[in-house]
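Asker: For reference, the file run10.pdb (PDB, C-alpha atoms, pLDDT in the B column) is included below:
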MODEL        1
ATOM      1  CA  MET A1384       6.706 -11.589  15.830  1.00 38.00           C
ATOM      2  CA  ASP A1385       9.171 -14.145  14.466  1.00 43.00           C
ATOM      3  CA  ALA A1386      11.519 -12.410  12.043  1.00 43.00           C
ATOM      4  CA  THR A1387      12.041 -15.700  10.204  1.00 45.00           C
ATOM      5  CA  ARG A1388       8.398 -16.583   9.656  1.00 48.00           C
ATOM      6  CA  THR A1389       7.176 -17.598   6.212  1.00 56.00           C
ATOM      7  CA  PRO A1390       6.225 -14.588   4.061  1.00 66.00           C
ATOM      8  CA  PRO A1391       2.528 -14.079   3.314  1.00 80.00           C
ATOM      9  CA  ASP A1392       1.027 -16.056   0.436  1.00 88.00           C
ATOM     10  CA  TRP A1393      -0.075 -13.069  -1.639  1.00 90.00           C
ATOM     11  CA  GLU A1394      -0.586 -15.071  -4.813  1.00 93.00           C
ATOM     12  CA  GLY A1395      -2.902 -17.470  -3.023  1.00 91.00           C
ATOM     13  CA  PHE A1396      -4.712 -14.609  -1.327  1.00 90.00           C
ATOM     14  CA  TRP A1397      -5.487 -12.748  -4.549  1.00 93.00           C
ATOM     15  CA  ARG A1398      -6.225 -15.937  -6.463  1.00 92.00           C
ATOM     16  CA  ASP A1399      -8.805 -17.008  -3.890  1.00 91.00           C
ATOM     17  CA  ALA A1400     -10.292 -13.592  -3.016  1.00 89.00           C
ATOM     18  CA  PRO A1401     -13.913 -13.147  -4.128  1.00 85.00           C
ATOM     19  CA  HIS A1402     -14.572 -10.546  -6.764  1.00 83.00           C
ATOM     20  CA  GLY A1403     -16.758  -7.558  -5.997  1.00 74.00           C
ATOM     21  CA  ALA A1404     -16.871  -4.565  -3.700  1.00 68.00           C
ATOM     22  CA  LYS A1405     -16.056  -4.992   0.014  1.00 72.00           C
ATOM     23  CA  GLU A1406     -14.646  -8.505  -0.443  1.00 80.00           C
ATOM     24  CA  VAL A1407     -11.040  -7.538   0.374  1.00 91.00           C
ATOM     25  CA  PHE A1408     -10.429  -6.080   3.836  1.00 89.00           C
ATOM     26  CA  TRP A1409      -8.319  -3.042   2.807  1.00 88.00           C
ATOM     27  CA  ASP A1410      -9.824  -2.438  -0.655  1.00 92.00           C
ATOM     28  CA  ALA A1411     -11.827   0.596   0.407  1.00 92.00           C
ATOM     29  CA  PRO A1412     -12.829   3.034  -2.352  1.00 93.00           C
ATOM     30  CA  ALA A1413     -10.321   5.706  -3.283  1.00 94.00           C
ATOM     31  CA  ASP A1414     -12.441   8.548  -1.905  1.00 94.00           C
ATOM     32  CA  ARG A1415     -11.775   7.072   1.555  1.00 94.00           C
ATOM     33  CA  VAL A1416      -8.125   6.191   0.919  1.00 95.00           C
ATOM     34  CA  ALA A1417      -5.907   7.827  -1.725  1.00 95.00           C
ATOM     35  CA  ASP A1418      -8.069  10.955  -1.918  1.00 95.00           C
ATOM     36  CA  ARG A1419      -7.400  11.602   1.773  1.00 94.00           C
ATOM     37  CA  HIS A1420      -3.688  11.465   1.079  1.00 96.00           C
ATOM     38  CA  LEU A1421      -3.777  13.923  -1.823  1.00 96.00           C
ATOM     39  CA  PRO A1422      -3.027  17.051   0.279  1.00 96.00           C
ATOM     40  CA  VAL A1423       0.217  15.440   1.473  1.00 97.00           C
ATOM     41  CA  LEU A1424       1.109  14.085  -1.973  1.00 97.00           C
ATOM     42  CA  GLU A1425       0.464  17.382  -3.721  1.00 95.00           C
ATOM     43  CA  THR A1426       2.579  19.219  -1.146  1.00 95.00           C
ATOM     44  CA  HIS A1427       5.617  16.964  -1.378  1.00 96.00           C
ATOM     45  CA  PHE A1428       5.565  15.229  -4.761  1.00 95.00           C
ATOM     46  CA  GLY A1429       7.178  16.840  -7.787  1.00 86.00           C
ATOM     47  CA  PRO A1430       4.428  16.888 -10.450  1.00 79.00           C
ATOM     48  CA  ARG A1431       6.754  15.913 -13.299  1.00 88.00           C
ATOM     49  CA  LEU A1432       8.042  12.683 -11.765  1.00 96.00           C
ATOM     50  CA  PRO A1433       6.509   9.251 -12.419  1.00 96.00           C
ATOM     51  CA  MET A1434       4.586   7.724  -9.519  1.00 97.00           C
ATOM     52  CA  ILE A1435       4.887   4.098  -8.432  1.00 98.00           C
ATOM     53  CA  ASP A1436       2.224   2.457  -6.262  1.00 98.00           C
ATOM     54  CA  LEU A1437       4.399  -0.200  -4.612  1.00 98.00           C
ATOM     55  CA  GLY A1438       2.328  -3.139  -3.406  1.00 96.00           C
ATOM     56  CA  CYS A1439      -0.665  -1.934  -5.426  1.00 97.00           C
ATOM     57  CA  GLY A1440      -2.837  -5.020  -4.944  1.00 95.00           C
ATOM     58  CA  ASN A1441      -5.782  -4.943  -7.326  1.00 95.00           C
ATOM     59  CA  GLY A1442      -5.031  -1.393  -8.397  1.00 95.00           C
ATOM     60  CA  THR A1443      -7.902   0.595  -6.884  1.00 95.00           C
ATOM     61  CA  GLN A1444      -5.728   3.369  -5.494  1.00 96.00           C
ATOM     62  CA  ALA A1445      -3.274   3.456  -8.418  1.00 96.00           C
ATOM     63  CA  ILE A1446      -6.118   3.959 -10.886  1.00 94.00           C
ATOM     64  CA  SER A1447      -7.465   6.834  -8.808  1.00 94.00           C
ATOM     65  CA  LEU A1448      -4.036   8.431  -8.438  1.00 95.00           C
ATOM     66  CA  ALA A1449      -3.672   8.407 -12.221  1.00 93.00           C
ATOM     67  CA  ASP A1450      -6.385  11.081 -12.337  1.00 88.00           C
ATOM     68  CA  ARG A1451      -3.962  13.499 -10.611  1.00 90.00           C
ATOM     69  CA  PHE A1452      -0.472  12.155 -11.351  1.00 92.00           C
ATOM     70  CA  ARG A1453       0.925  10.687 -14.526  1.00 87.00           C
ATOM     71  CA  PRO A1454       2.278   8.355 -15.432  1.00 93.00           C
ATOM     72  CA  VAL A1455       1.438   5.896 -12.626  1.00 96.00           C
ATOM     73  CA  LEU A1456       2.942   2.416 -12.390  1.00 98.00           C
ATOM     74  CA  GLY A1457       1.407  -0.163 -10.059  1.00 98.00           C
ATOM     75  CA  ILE A1458       3.639  -3.010  -8.895  1.00 98.00           C
ATOM     76  CA  ASP A1459       2.615  -6.068  -6.898  1.00 97.00           C
ATOM     77  CA  ILE A1460       4.239  -9.407  -6.217  1.00 96.00           C
ATOM     78  CA  SER A1461       1.019 -11.282  -7.062  1.00 95.00           C
ATOM     79  CA  ALA A1462       0.245 -11.978 -10.718  1.00 97.00           C
ATOM     80  CA  SER A1463      -3.398 -12.528  -9.738  1.00 96.00           C
ATOM     81  CA  ALA A1464      -3.550  -9.066  -8.163  1.00 96.00           C
ATOM     82  CA  ILE A1465      -2.060  -7.488 -11.283  1.00 97.00           C
ATOM     83  CA  ALA A1466      -4.563  -9.334 -13.468  1.00 96.00           C
ATOM     84  CA  ARG A1467      -7.379  -7.865 -11.355  1.00 95.00           C
ATOM     85  CA  ALA A1468      -5.853  -4.397 -11.629  1.00 95.00           C
ATOM     86  CA  ARG A1469      -5.719  -4.632 -15.403  1.00 94.00           C
ATOM     87  CA  ARG A1470      -9.337  -5.789 -15.492  1.00 92.00           C
ATOM     88  CA  GLN A1471     -10.332  -2.759 -13.411  1.00 90.00           C
ATOM     89  CA  VAL A1472      -8.760  -0.520 -16.048  1.00 89.00           C
ATOM     90  CA  ASP A1473     -10.520  -2.405 -18.842  1.00 87.00           C
ATOM     91  CA  ASP A1474     -13.863  -2.164 -17.024  1.00 82.00           C
ATOM     92  CA  ARG A1475     -13.606   1.638 -16.850  1.00 78.00           C
ATOM     93  CA  GLY A1476     -13.865   1.873 -20.618  1.00 71.00           C
ATOM     94  CA  GLU A1477     -11.387   4.738 -20.701  1.00 71.00           C
ATOM     95  CA  ARG A1478      -7.648   4.234 -20.446  1.00 71.00           C
ATOM     96  CA  PRO A1479      -6.129   6.186 -17.540  1.00 70.00           C
ATOM     97  CA  PRO A1480      -2.343   6.680 -17.733  1.00 85.00           C
ATOM     98  CA  VAL A1481      -1.591   3.726 -15.453  1.00 93.00           C
ATOM     99  CA  GLU A1482       0.369   0.539 -16.078  1.00 95.00           C
ATOM    100  CA  PHE A1483       0.639  -2.585 -13.926  1.00 97.00           C
ATOM    101  CA  ARG A1484       3.554  -5.002 -13.558  1.00 97.00           C
ATOM    102  CA  THR A1485       4.457  -7.869 -11.265  1.00 98.00           C
ATOM    103  CA  GLY A1486       7.485  -7.352  -9.051  1.00 97.00           C
ATOM    104  CA  ASP A1487       8.861  -7.828  -5.559  1.00 97.00           C
ATOM    105  CA  ALA A1488       8.977  -4.611  -3.510  1.00 97.00           C
ATOM    106  CA  ALA A1489      12.140  -5.837  -1.779  1.00 96.00           C
ATOM    107  CA  ASP A1490      14.001  -6.593  -5.024  1.00 97.00           C
ATOM    108  CA  ASN A1491      16.751  -3.986  -5.270  1.00 96.00           C
ATOM    109  CA  ALA A1492      17.817  -5.249  -8.694  1.00 97.00           C
ATOM    110  CA  MET A1493      14.299  -4.568  -9.973  1.00 97.00           C
ATOM    111  CA  ALA A1494      14.388  -1.134  -8.343  1.00 98.00           C
ATOM    112  CA  ALA A1495      17.672  -0.353 -10.071  1.00 98.00           C
ATOM    113  CA  ARG A1496      16.254  -1.400 -13.458  1.00 98.00           C
ATOM    114  CA  LEU A1497      13.158   0.723 -12.905  1.00 98.00           C
ATOM    115  CA  HIS A1498      15.241   3.720 -11.905  1.00 98.00           C
ATOM    116  CA  GLU A1499      17.301   3.320 -15.044  1.00 98.00           C
ATOM    117  CA  GLU A1500      14.083   3.192 -17.081  1.00 97.00           C
ATOM    118  CA  LEU A1501      12.071   5.923 -15.338  1.00 97.00           C
ATOM    119  CA  GLY A1502      14.571   8.073 -13.465  1.00 97.00           C
ATOM    120  CA  ASP A1503      13.719   9.467 -10.038  1.00 97.00           C
ATOM    121  CA  CYS A1504      10.191   8.509  -8.959  1.00 98.00           C
ATOM    122  CA  ASN A1505       7.602   9.356  -6.354  1.00 98.00           C
ATOM    123  CA  LEU A1506       6.272   6.361  -4.437  1.00 98.00           C
ATOM    124  CA  TYR A1507       2.931   5.633  -2.802  1.00 98.00           C
ATOM    125  CA  ILE A1508       3.041   2.758  -0.307  1.00 98.00           C
ATOM    126  CA  ARG A1509      -0.023   1.889   1.739  1.00 96.00           C
ATOM    127  CA  GLY A1510      -0.113  -0.836   4.363  1.00 93.00           C
ATOM    128  CA  LEU A1511       2.643  -2.951   2.858  1.00 94.00           C
ATOM    129  CA  LEU A1512       5.401  -3.096   5.457  1.00 94.00           C
ATOM    130  CA  HIS A1513       3.393  -4.168   8.490  1.00 91.00           C
ATOM    131  CA  GLN A1514       2.411  -7.389   6.703  1.00 87.00           C
ATOM    132  CA  LEU A1515       5.980  -8.399   5.841  1.00 89.00           C
ATOM    133  CA  PRO A1516       8.472 -10.319   7.991  1.00 87.00           C
ATOM    134  CA  PRO A1517      10.858  -7.883   9.726  1.00 90.00           C
ATOM    135  CA  ALA A1518      13.830  -9.363   7.883  1.00 91.00           C
ATOM    136  CA  VAL A1519      12.272  -8.347   4.539  1.00 93.00           C
ATOM    137  CA  ARG A1520      11.457  -4.736   5.416  1.00 95.00           C
ATOM    138  CA  PRO A1521      14.981  -3.262   5.058  1.00 97.00           C
ATOM    139  CA  GLY A1522      15.048  -4.589   1.500  1.00 97.00           C
ATOM    140  CA  VAL A1523      11.873  -2.643   0.730  1.00 98.00           C
ATOM    141  CA  ALA A1524      13.326   0.513   2.275  1.00 98.00           C
ATOM    142  CA  GLY A1525      16.486   0.035   0.210  1.00 98.00           C
ATOM    143  CA  ALA A1526      14.443  -0.342  -2.977  1.00 98.00           C
ATOM    144  CA  VAL A1527      12.538   2.828  -2.089  1.00 98.00           C
ATOM    145  CA  ALA A1528      15.809   4.702  -1.607  1.00 98.00           C
ATOM    146  CA  THR A1529      16.946   3.566  -5.054  1.00 98.00           C
ATOM    147  CA  LEU A1530      13.702   4.551  -6.752  1.00 98.00           C
ATOM    148  CA  VAL A1531      13.341   8.036  -5.264  1.00 98.00           C
ATOM    149  CA  GLY A1532      16.895   8.952  -6.262  1.00 97.00           C
ATOM    150  CA  SER A1533      17.771  12.545  -5.474  1.00 96.00           C
ATOM    151  CA  ARG A1534      14.466  14.248  -6.394  1.00 96.00           C
ATOM    152  CA  GLY A1535      11.689  11.778  -5.645  1.00 97.00           C
ATOM    153  CA  ARG A1536       9.647  11.369  -2.491  1.00 98.00           C
ATOM    154  CA  ALA A1537       8.011   8.354  -0.891  1.00 98.00           C
ATOM    155  CA  PHE A1538       4.701   8.546   0.959  1.00 98.00           C
ATOM    156  CA  ILE A1539       4.340   5.578   3.302  1.00 98.00           C
ATOM    157  CA  VAL A1540       1.294   4.940   5.483  1.00 97.00           C
ATOM    158  CA  GLU A1541       1.029   2.002   7.891  1.00 96.00           C
ATOM    159  CA  PRO A1542      -1.387   0.982  10.652  1.00 94.00           C
ATOM    160  CA  ALA A1543      -0.286   2.287  14.041  1.00 94.00           C
ATOM    161  CA  GLU A1544       0.341  -0.015  16.966  1.00 92.00           C
ATOM    162  CA  ALA A1545      -3.129   0.899  18.256  1.00 91.00           C
ATOM    163  CA  ALA A1546      -4.659  -0.757  15.185  1.00 90.00           C
ATOM    164  CA  LYS A1547      -3.761  -4.140  16.573  1.00 86.00           C
ATOM    165  CA  GLY A1548      -6.348  -3.732  19.340  1.00 86.00           C
ATOM    166  CA  VAL A1549      -9.036  -2.806  16.809  1.00 85.00           C
ATOM    167  CA  LEU A1550      -8.274  -5.908  14.760  1.00 83.00           C
ATOM    168  CA  ALA A1551      -8.213  -8.094  17.864  1.00 81.00           C
ATOM    169  CA  GLY A1552     -11.700  -6.860  18.702  1.00 82.00           C
ATOM    170  CA  LEU A1553     -12.934  -7.911  15.270  1.00 79.00           C
ATOM    171  CA  LEU A1554     -11.428 -11.360  15.694  1.00 78.00           C
ATOM    172  CA  ARG A1555     -13.182 -11.796  19.060  1.00 82.00           C
ATOM    173  CA  ARG A1556     -16.662 -10.966  17.797  1.00 78.00           C
ATOM    174  CA  ALA A1557     -19.284 -13.438  18.996  1.00 72.00           C
ATOM    175  CA  GLU A1558     -20.461 -14.066  15.447  1.00 79.00           C
ATOM    176  CA  GLY A1559     -16.892 -14.670  14.311  1.00 75.00           C
ATOM    177  CA  PRO A1560     -14.434 -12.448  12.457  1.00 78.00           C
ATOM    178  CA  PRO A1561     -15.499 -10.742   9.244  1.00 78.00           C
ATOM    179  CA  ARG A1562     -14.945 -12.968   6.244  1.00 81.00           C
ATOM    180  CA  ALA A1563     -12.653 -10.453   4.571  1.00 79.00           C
ATOM    181  CA  LEU A1564     -10.416 -10.270   7.658  1.00 79.00           C
ATOM    182  CA  ALA A1565     -10.384 -14.035   8.205  1.00 79.00           C
ATOM    183  CA  ALA A1566      -9.133 -14.491   4.638  1.00 80.00           C
ATOM    184  CA  VAL A1567      -6.082 -12.369   5.460  1.00 77.00           C
ATOM    185  CA  PHE A1568      -4.985 -14.703   8.249  1.00 76.00           C
ATOM    186  CA  ASP A1569      -5.821 -17.806   6.203  1.00 79.00           C
ATOM    187  CA  HIS A1570      -3.009 -16.887   3.812  1.00 77.00           C
ATOM    188  CA  GLY A1571      -0.290 -16.271   6.385  1.00 72.00           C
ATOM    189  CA  VAL A1572      -0.669 -12.502   6.603  1.00 73.00           C
ATOM    190  CA  ALA A1573      -0.096 -11.037  10.073  1.00 67.00           C
ATOM    191  CA  PRO A1574      -1.388  -7.446  10.004  1.00 67.00           C
ATOM    192  CA  ALA A1575      -0.561  -4.598  12.384  1.00 61.00           C
ATOM    193  CA  GLU A1576       2.836  -5.957  13.449  1.00 76.00           C
ATOM    194  CA  LEU A1577       4.940  -2.816  13.075  1.00 88.00           C
ATOM    195  CA  ALA A1578       6.010  -0.683  16.034  1.00 91.00           C
ATOM    196  CA  ASP A1579       5.323   3.031  15.606  1.00 94.00           C
ATOM    197  CA  GLU A1580       8.971   4.007  16.042  1.00 95.00           C
ATOM    198  CA  ALA A1581      10.137   1.319  13.585  1.00 95.00           C
ATOM    199  CA  LEU A1582       8.636   3.031  10.538  1.00 96.00           C
ATOM    200  CA  PRO A1583      10.809   6.181  10.437  1.00 98.00           C
ATOM    201  CA  ALA A1584      13.845   4.216  11.632  1.00 97.00           C
ATOM    202  CA  LEU A1585      13.494   1.859   8.689  1.00 97.00           C
ATOM    203  CA  PHE A1586      13.831   4.625   6.106  1.00 98.00           C
ATOM    204  CA  ARG A1587      16.520   6.498   7.975  1.00 98.00           C
ATOM    205  CA  GLY A1588      18.436   3.238   7.943  1.00 97.00           C
ATOM    206  CA  ALA A1589      18.158   3.231   4.142  1.00 98.00           C
ATOM    207  CA  GLY A1590      19.785   6.662   3.965  1.00 97.00           C
ATOM    208  CA  LEU A1591      16.618   8.726   3.565  1.00 98.00           C
ATOM    209  CA  THR A1592      15.381  11.672   5.607  1.00 98.00           C
ATOM    210  CA  VAL A1593      11.882  11.856   7.085  1.00 98.00           C
ATOM    211  CA  LEU A1594      10.645  15.137   5.631  1.00 97.00           C
ATOM    212  CA  ALA A1595       7.139  15.107   7.106  1.00 98.00           C
ATOM    213  CA  SER A1596       4.966  12.820   9.212  1.00 98.00           C
ATOM    214  CA  GLY A1597       1.554  12.614  10.802  1.00 97.00           C
ATOM    215  CA  THR A1598      -1.466  10.463  11.534  1.00 96.00           C
ATOM    216  CA  LEU A1599      -4.553   9.625   9.503  1.00 93.00           C
ATOM    217  CA  PRO A1600      -7.307   7.013   9.718  1.00 91.00           C
ATOM    218  CA  LEU A1601      -6.777   4.083   7.347  1.00 92.00           C
ATOM    219  CA  ALA A1602     -10.031   2.906   5.796  1.00 93.00           C
ATOM    220  CA  THR A1603     -11.128  -0.720   5.486  1.00 91.00           C
ATOM    221  CA  THR A1604     -14.192  -2.314   3.904  1.00 91.00           C
ATOM    222  CA  GLU A1605     -15.622  -3.357   7.280  1.00 87.00           C
ATOM    223  CA  ARG A1606     -17.991  -1.583   9.676  1.00 83.00           C
ATOM    224  CA  ASP A1607     -17.830  -1.197  13.438  1.00 77.00           C
ATOM    225  CA  PRO A1608     -20.576  -2.517  15.781  1.00 75.00           C
ATOM    226  CA  ASP A1609     -22.481   0.756  15.314  1.00 79.00           C
ATOM    227  CA  GLY A1610     -22.495   0.380  11.558  1.00 83.00           C
ATOM    228  CA  ASN A1611     -19.932   3.082  10.865  1.00 86.00           C
ATOM    229  CA  PRO A1612     -17.098   2.463   8.368  1.00 87.00           C
ATOM    230  CA  LEU A1613     -14.214   0.842  10.241  1.00 88.00           C
ATOM    231  CA  GLU A1614     -10.970   2.812  10.129  1.00 92.00           C
ATOM    232  CA  LEU A1615      -7.622   1.905  11.655  1.00 92.00           C
ATOM    233  CA  PRO A1616      -5.329   4.453  13.317  1.00 94.00           C
ATOM    234  CA  SER A1617      -2.282   4.867  11.115  1.00 95.00           C
ATOM    235  CA  ASN A1618       1.019   6.708  10.843  1.00 96.00           C
ATOM    236  CA  TRP A1619       2.319   8.277   7.642  1.00 98.00           C
ATOM    237  CA  LEU A1620       5.592   9.814   6.625  1.00 98.00           C
ATOM    238  CA  VAL A1621       7.241  11.336   3.583  1.00 98.00           C
ATOM    239  CA  ALA A1622      10.814  10.200   2.991  1.00 98.00           C
ATOM    240  CA  GLY A1623      13.389  11.430   0.524  1.00 98.00           C
ATOM    241  CA  ARG A1624      16.694  13.215   0.179  1.00 96.00           C
ATOM    242  CA  PRO A1625      16.645  16.894   1.085  1.00 90.00           C
ATOM    243  CA  ALA A1626      17.295  19.358  -1.735  1.00 80.00           C
ATOM    244  CA  ALA A1627      20.915  20.352  -1.911  1.00 63.00           C
TER     245      ALA A1627
ENDMDL
END
Could I get this file's structure written as structure tokens?

Answerer:
Amino acid sequence: MDATRTPPDWEGFWRDAPHGAKEVFWDAPADRVADRHLPVLETHFGPRLPMIDLGCGNGTQAISLADRFRPVLGIDISASAIARARRQVDDRGERPPVEFRTGDAADNAMAARLHEELGDCNLYIRGLLHQLPPAVRPGVAGAVATLVGSRGRAFIVEPAEAAKGVLAGLLRRAEGPPRALAAVFDHGVAPAELADEALPALFRGAGLTVLASGTLPLATTERDPDGNPLELPSNWLVAGRPAA
């Protein structure tokens, strides 16, 4: 992939995305996404630290995480995504302890301001890095290193290299690619472009230690040819600074 390619048009994507369930490719319900990650989060995250969902999109997972962790802050570069996230909170009727703000995940100045405001944080990052140009990814890892400080932990999950074959199969379907997946490519997003070994190397390069790692299926809103929920193979890791 060209390291200098134009970044994805996230504002256009979220502005144009239809509203409603199953209209966004990765917006699977939390019981198939964040809930599966809870055993790892509860093992490694300090319960008294704020949690940031970095690249939160329309807020589905951040809202769910706020049932277990508090406070939760969702950050996304798209103002349209953040507007959707806030509407999701309003539609619930109750007010979970979650806040949403616009911001660039690769902006280290923003990360420094947040760390000054919140102190050390835990981070939840799902499927963000593989959709960014390679030249941008070290900036995200640097921002993560700033935000976790000395006590926080970052949980990062990204599609594995094998996911690219699954997506290619969807694009080759005789009836055409699923609408939700086609919309991703229409806005300059190139999913599943992250080598398996690049993920831990990225955070080690930012001065963090990989404290745990593993594999999990990453849910989407699509179904396979047999009608089963489509899940992508993915790699996860927990990064932070070891206790002194």

Asker: Pick from A:Pro1608, A:Gly1588, A:Pro1600, A:Pro1542: nearest to A:Ala1524, with all atoms listed in the file counted?

Answerer: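 Nearest to A:Ala1524: A:Gly1588.
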
Asker: Please indicate the distance in Å from atom CA of A:Asp1579 to atom CA of A:Pro1560, rounded to one decimal place.

Answerer: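 Separation of atom CA of A:Asp1579 and atom CA of A:Pro1560: 25.3 Å.
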
Asker: Please evaluate the PyMOL selection byres ((chain A and resi 1452) around 12) against the displayed coordinates and give the resulting residues as a ChimeraX atom specification.

Answerer: /A:1417,1421,1424-1425,1428-1436,1444-1451,1453-1456,1479-1481,1504-1507

Asker: With all atoms listed in the file as the atoms that count, which of A:Thr1604, A:Leu1582, A:Glu1477, A:Arg1496 lies nearest to A:Ala1563?

Answerer: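 Ranked by minimum distance to A:Ala1563, first place goes to A:Thr1604.
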
Asker: As a check of understanding, name the residues that the PyMOL selection byres ((chain A and resi 1423) around 12) selects in the supplied structure, as a PyMOL selection string.

Answerer: chain A and resi 1417-1422+1424-1429+1507+1536-1540+1594-1599+1619-1622

Asker: Around stretch 1430-1438 of chain A, with edges along x, y and z and 5 Å added on all six sides, what centre and edge lengths do you get, in Å to one decimal, as AutoDock Vina command-line options?

Answerer:
--center_x 5.1 --center_y 6.9 --center_z -8.4 --size_x 15.8 --size_y 30.0 --size_z 19.9

Asker: For the atom pair atom CA of A:Ala1518 and atom CA of A:Ala1589, what is the interatomic distance in Å to one decimal place?

Answerer: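 Answer for the atom CA of A:Ala1518 to atom CA of A:Ala1589 separation: 13.8 Å.
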
Asker: List the residues matched by the PyMOL selection byres ((chain A and resi 1565) around 12) in the displayed structure as a list in words, ordered by chain and then by residue number.

Answerer: Phe1396, Ala1400, Glu1406, Val1407, Phe1408, Leu1550, Ala1551, Leu1553, Leu1554, Arg1555, Arg1556, Gly1559, Pro1560, Pro1561, Arg1562, Ala1563, Leu1564, Ala1566, Val1567, Phe1568, Asp1569, His1570, Gly1571, Val1572, Ala1573, Pro1574 and Glu1605 of chain A

Asker: Pull C-alpha atoms from the residues just selected and write them as a compact mmCIF listing (two decimals), keeping the file's coordinate frame.

Answerer:
# COMPACT_ATOMS: atom_id res chain seq x y z
CA PHE A 1396 -4.71 -14.61 -1.33
CA ALA A 1400 -10.29 -13.59 -3.02
CA GLU A 1406 -14.65 -8.51 -0.44
CA VAL A 1407 -11.04 -7.54 0.37
CA PHE A 1408 -10.43 -6.08 3.84
CA LEU A 1550 -8.27 -5.91 14.76
CA ALA A 1551 -8.21 -8.09 17.86
CA LEU A 1553 -12.93 -7.91 15.27
CA LEU A 1554 -11.43 -11.36 15.69
CA ARG A 1555 -13.18 -11.80 19.06
CA ARG A 1556 -16.66 -10.97 17.80
CA GLY A 1559 -16.89 -14.67 14.31
CA PRO A 1560 -14.43 -12.45 12.46
CA PRO A 1561 -15.50 -10.74 9.24
CA ARG A 1562 -14.94 -12.97 6.24
CA ALA A 1563 -12.65 -10.45 4.57
CA LEU A 1564 -10.42 -10.27 7.66
CA ALA A 1566 -9.13 -14.49 4.64
CA VAL A 1567 -6.08 -12.37 5.46
CA PHE A 1568 -4.99 -14.70 8.25
CA ASP A 1569 -5.82 -17.81 6.20
CA HIS A 1570 -3.01 -16.89 3.81
CA GLY A 1571 -0.29 -16.27 6.38
CA VAL A 1572 -0.67 -12.50 6.60
CA ALA A 1573 -0.10 -11.04 10.07
CA PRO A 1574 -1.39 -7.45 10.00
CA GLU A 1605 -15.62 -3.36 7.28

Asker: Please determine, counting only C-alpha atoms, which residue among A:Leu1511, A:Ala1578, A:Val1472, A:Val1531 has the shortest atom-to-atom distance to A:His1498.

Answerer: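 Using only C-alpha atoms, A:His1498 sits closest to A:Val1531.
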
Asker: For atom CA of A:Thr1592 and atom CA of A:Pro1625, determine how far apart the two atoms are, in Å to one decimal place.

Answerer: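 One can read the atom CA of A:Thr1592 to atom CA of A:Pro1625 distance as 7.0 Å.
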
Asker: Excluding stretch 1485-1494 of chain A and its own-chain neighbours fewer than 5 positions away, which residues fall within 6 Å of it when counting all atoms listed in the file? Please give them as an NGL selection string.

Answerer: :A and (1458-1460 or 1462 or 1522-1523 or 1526 or 1530)

Asker: For A:Pro1612, work out the shell of residues within 12 Å, counting all atoms listed in the file and skipping chain neighbours fewer than 2 positions away, then give it as a PyMOL selection string.

Answerer: chain A and resi 1405+1408-1409+1411-1412+1415+1600-1610+1614-1615
